[in-house]
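File shown here: protein-v6.cif, holding mmCIF, C-alpha atoms.
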data_data
loop_
_atom_site.label_atom_id
_atom_site.label_comp_id
_atom_site.auth_asym_id
_atom_site.auth_seq_id
_atom_site.Cartn_x
_atom_site.Cartn_y
_atom_site.Cartn_z
CA THR H 1 56.57 33.96 34.12
CA ILE H 2 55.27 32.04 31.14
CA ILE H 3 52.09 31.03 32.99
CA VAL H 4 51.16 34.61 33.84
CA LYS H 5 51.93 35.93 30.35
CA THR H 6 50.08 33.08 28.62
CA THR H 7 46.99 32.85 30.83
CA GLY H 8 46.70 36.40 32.13
CA ILE H 9 46.16 35.17 35.71
CA SER H 10 48.53 35.07 38.66
CA LEU H 11 50.61 32.02 39.43
CA GLN H 12 48.65 31.58 42.64
CA ASP H 13 45.26 31.71 40.89
CA PHE H 14 46.48 29.36 38.16
CA THR H 15 47.76 26.88 40.74
CA THR H 16 44.54 27.06 42.73
CA LYS H 17 42.31 26.49 39.70
CA TYR H 18 44.29 23.84 37.85
CA LEU H 19 46.11 21.99 40.62
CA PHE H 20 44.84 22.64 44.13
CA GLN H 21 41.09 22.52 43.39
CA PRO H 22 41.25 19.24 41.46
CA LEU H 23 43.34 17.71 44.28
CA ASN H 24 40.99 19.16 46.94
CA ILE H 25 43.81 21.14 48.54
CA THR H 26 42.08 23.96 50.39
CA SER H 27 44.49 24.97 53.14
CA TYR H 28 47.68 26.57 51.84
CA GLN H 29 49.62 29.78 52.15
CA TRP H 30 51.86 31.55 49.64
CA THR H 31 54.89 33.48 50.81
CA MET H 32 55.72 36.13 48.24
CA PHE H 33 59.30 36.87 47.27
CA MET H 34 58.57 40.29 45.87
CA PRO H 35 55.61 42.40 47.01
CA ASN H 36 53.17 43.33 44.23
CA ARG H 37 54.56 40.67 41.87
CA GLU H 38 51.87 38.02 41.51
CA ASP H 39 53.95 36.17 38.95
CA ILE H 40 56.53 35.13 41.52
CA GLY H 41 55.62 32.82 44.37
CA ILE H 42 58.67 31.76 46.32
CA ARG H 43 57.06 29.31 48.70
CA VAL H 44 53.82 27.56 49.31
CA SER H 45 53.01 25.98 52.65
CA LEU H 46 50.88 22.83 52.62
CA LYS H 47 49.61 20.38 55.18
CA PRO H 48 51.50 17.06 55.08
CA ARG H 49 48.51 15.21 53.61
CA ASP H 50 48.23 17.79 50.83
CA PHE H 51 51.99 17.65 50.19
CA ALA H 52 51.54 13.89 49.81
CA LYS H 53 48.84 14.46 47.19
CA LEU H 54 51.44 16.09 44.94
CA GLY H 55 53.61 12.99 45.23
CA GLN H 56 50.66 10.72 44.52
CA LEU H 57 49.74 12.83 41.49
CA PHE H 58 53.22 12.34 40.05
CA LEU H 59 53.30 8.67 41.03
CA ASN H 60 50.06 8.31 39.01
CA GLU H 61 51.69 10.06 36.02
CA GLY H 62 49.58 13.20 36.48
CA GLU H 63 46.24 11.46 37.00
CA TRP H 64 43.94 12.08 39.97
CA ASN H 65 40.54 10.41 40.46
CA ASN H 66 40.56 9.16 36.85
CA LYS H 67 41.22 12.66 35.49
CA GLN H 68 44.45 13.82 33.89
CA ILE H 69 45.46 16.91 35.90
CA VAL H 70 49.03 17.20 34.60
CA SER H 71 50.10 15.63 31.31
CA LYS H 72 52.10 12.41 31.43
CA GLU H 73 54.69 14.11 29.24
CA TRP H 74 55.15 16.93 31.76
CA VAL H 75 55.50 14.47 34.63
CA ARG H 76 58.16 12.50 32.73
CA THR H 77 59.98 15.68 31.71
CA SER H 78 59.83 17.08 35.26
CA ILE H 79 61.39 14.01 36.83
CA SER H 80 64.01 13.55 34.11
CA ASP H 81 67.63 14.49 34.74
CA HIS H 82 68.33 18.06 33.66
CA THR H 83 71.37 18.97 35.74
CA ILE H 84 73.58 17.82 38.59
CA THR H 85 73.35 19.72 41.85
CA THR H 86 76.18 21.06 43.97
CA GLU H 87 74.56 19.66 47.13
CA LYS H 88 77.48 17.73 48.66
CA ARG H 89 75.63 16.53 51.78
CA LEU H 90 73.07 14.78 49.55
CA GLY H 91 75.71 13.18 47.32
CA TYR H 92 75.43 15.61 44.38
CA PRO H 93 72.07 14.33 43.14
CA LYS H 94 70.71 14.99 39.69
CA TYR H 95 67.85 17.43 39.38
CA GLY H 96 64.75 17.67 37.21
CA PHE H 97 62.20 20.47 37.22
CA LEU H 98 61.81 21.05 40.99
CA TRP H 99 62.43 17.34 41.64
CA TRP H 100 65.67 16.00 43.12
CA LYS H 101 66.74 12.59 41.83
CA ASN H 102 67.91 10.23 44.57
CA TYR H 103 68.98 6.66 44.92
CA PHE H 104 69.40 4.44 47.92
CA ASP H 105 71.38 1.22 48.23
CA ILE H 106 69.54 -0.93 50.75
CA ASN H 107 70.31 -4.58 51.45
CA GLY H 108 72.16 -4.89 48.15
CA LYS H 109 69.31 -3.36 46.14
CA HIS H 110 69.61 -0.08 44.21
CA ILE H 111 66.43 1.95 44.64
CA GLU H 112 65.69 5.07 42.62
CA ALA H 113 63.42 7.85 43.81
CA TYR H 114 62.63 11.46 43.16
CA GLN H 115 61.94 14.00 45.81
CA ALA H 116 60.66 17.51 46.45
CA GLN H 117 61.92 19.44 49.41
CA GLY H 118 61.40 22.60 51.33
CA ASN H 119 63.32 24.49 53.97
CA GLY H 120 63.50 22.97 57.39
CA GLY H 121 63.13 19.32 56.40
CA GLN H 122 59.90 19.25 54.39
CA LEU H 123 60.57 16.19 52.22
CA LEU H 124 58.38 14.32 49.75
CA PHE H 125 59.83 11.12 48.29
CA VAL H 126 58.30 9.18 45.41
CA PHE H 127 59.30 5.54 44.87
CA PRO H 128 57.68 4.32 41.63
CA GLU H 129 59.12 0.81 42.03
CA PHE H 130 57.18 0.34 45.26
CA ASP H 131 54.15 2.49 44.38
CA MET H 132 55.04 4.45 47.50
CA ILE H 133 55.38 8.03 48.68
CA VAL H 134 56.89 9.19 51.97
CA VAL H 135 56.42 12.64 53.50
CA PHE H 136 58.46 14.20 56.28
CA THR H 137 57.78 17.50 57.97
CA SER H 138 60.18 19.20 60.34
CA GLY H 139 61.08 22.52 61.89
CA ASN H 140 64.84 22.39 61.31
CA TYR H 141 64.95 25.67 59.40
CA GLY H 142 68.44 26.69 58.32
CA SER H 143 69.94 23.69 60.11
CA PRO H 144 71.95 20.75 58.76
CA ARG H 145 69.41 18.59 60.59
CA MET H 146 66.85 19.39 57.89
CA ILE H 147 68.03 16.29 56.00
CA ASN H 148 67.34 13.92 58.93
CA GLY H 149 64.47 12.44 56.91
CA PHE H 150 67.01 10.84 54.57
CA LYS H 151 68.56 8.90 57.45
CA ILE H 152 65.17 7.80 58.79
CA LEU H 153 64.15 6.74 55.31
CA GLU H 154 67.32 4.70 54.73
CA GLU H 155 67.67 3.12 58.15
CA ASP H 156 64.06 2.49 59.09
CA ILE H 157 61.50 2.80 56.29
CA LEU H 158 63.30 1.34 53.27
CA THR H 159 64.90 -1.48 55.21
CA SER H 160 61.43 -2.59 56.30
CA VAL H 161 60.10 -2.42 52.71
CA ILE H 162 63.03 -4.31 51.18
CA LYS H 163 63.42 -7.77 52.58
#
Would it be possible to restate this file's structure as structure tokens?
Amino acid sequence: TIIVKTTGISLQDFTTKYLFQPLNITSYQWTMFMPNREDIGIRVSLKPRDFAKLGQLFLNEGEWNNKQIVSKEWVRTSISDHTITTEKRLGYPKYGFLWWKNYFDINGKHIEAYQAQGNGGQLLFVFPEFDMIVVFTSGNYGSPRMINGFKILEEDILTSVIK
């Protein structure tokens, strides 16, 4: 990857030094896609509170504890529309750089959000309009139920935020 070629360190070491340490994320696990290829990390497992920190970092335009961890430009570029997905069950949302673009129509109000997700129902929603993040964790691996968080968000959480 570009990071490994440019910095000379593995993706995992780069992430630890420049993202996880500044956010005080200490408990995580990488699942490697290809053995002996430190430039490819297919999955990282985080505790829900640490997953939420990533959402808060992006909600704060890359700033954490008054320090710019990720540039504002990268945050804006990452959450910008770059393609449209083929994910029918989610309504064919647009997609940024690892961020899904979602919208919800609640009580006559159109609400935009962006979201990260992992297998099984790990969902992180960012709602800039409300200065709010929402994290779901689940064990619905390989199941259509992994998107249950969307229904809970629409029917319970957002309806209580929007009056």
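You can rank H:Glu129, H:Arg43, H:Lys88, H:Thr83 by their closest distance to His110 of chain H using only C-alpha atoms, and at the top of that list sits H:Glu129.
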Take the point (75.0, 18.2, 51.9) as written in the file and pick out every residue within 12 Å of it, counting all atoms listed in the file; give the list as a ChimeraX atom specification.
/H:85-93,143-148,150
What residues come out when you apply the PyMOL selection byres ((chain H and resi 125) around 6) to this file, written as an MDAnalysis selection string?
chainID H and resid 114:115 124 126 133:134
So which residues fall inside 6 Å of (59.2, 17.2, 57.2) if we count only C-alpha atoms? Mind giving them as a PyMOL selection string?
chain H and resi 121-123+136-138
List the residues matched by the PyMOL selection byres ((chain H and resi 79) around 12) in the displayed structure as a PyMOL selection string, ordered by chain and then by residue number.
chain H and resi 55+58-59+61-62+72-78+80-83+94-102+112-116+125-128
Excluding segment 106-109 of chain H and any residue of its chain fewer than 6 positions from it, enumerate the residues within 9 Å of it, using all atoms listed in the file, and give them as a PyMOL selection string.
chain H and resi 154-155+158-159+162-163
From the set H:Trp30, H:Ile84, H:Leu23, H:Phe51, which residue has the shortest atom-to-atom contact distance to Asn65 of chain H, counting only C-alpha atoms?
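With only C-alpha atoms as the atom set, the closest residue is H:Leu23.
Put simply, the PyMOL selection byres ((chain H and resi 46) around 9) in this file takes in H:Ile25, H:Ser27, H:Tyr28, H:Gln29, H:Val44, H:Ser45, H:Lys47, H:Pro48, H:Arg49, H:Asp50, H:Phe51.
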Can you pull out the residues contacting Asn66 of chain H? Cut-off 12 Å, using all atoms listed in the file, and skip same-chain residues under 6 positions away; I want them as a ChimeraX atom specification.
/H:22-23,57,60
Let's have the selection written as an mmCIF file, in the coordinates of the input, with C-alpha atoms.
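Produced file selection.cif, reproduced below:
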data_model
loop_
_atom_site.group_PDB
_atom_site.id
_atom_site.type_symbol
_atom_site.label_atom_id
_atom_site.label_comp_id
_atom_site.auth_asym_id
_atom_site.auth_seq_id
_atom_site.Cartn_x
_atom_site.Cartn_y
_atom_site.Cartn_z
ATOM 1 C CA PRO H 22 41.250 19.240 41.460
ATOM 2 C CA LEU H 23 43.340 17.710 44.280
ATOM 3 C CA LEU H 57 49.740 12.830 41.490
ATOM 4 C CA ASN H 60 50.060 8.310 39.010
#
Suppose you want the space between atom CA of Asn24 of chain H and atom CA of Leu54 of chain H; what is it in Å?
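So the two atoms, atom CA of Asn24 of chain H and atom CA of Leu54 of chain H, lie 11.1 Å apart.
Going from atom CA of Met132 of chain H over to atom CA of Phe14 of chain H, you cover 27.9 Å.
Taking atom CA of Val4 of chain H and atom CA of Trp64 of chain H as endpoints, the distance between them is 24.4 Å.
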Which residue gives the smallest distance to Val135 of chain H among H:Ile152, H:Glu63, H:Val70, H:Ser10, with all atoms listed in the file counted?
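Ranking H:Ile152, H:Glu63, H:Val70, H:Ser10 by distance to Val135 of chain H, first place goes to H:Ile152.
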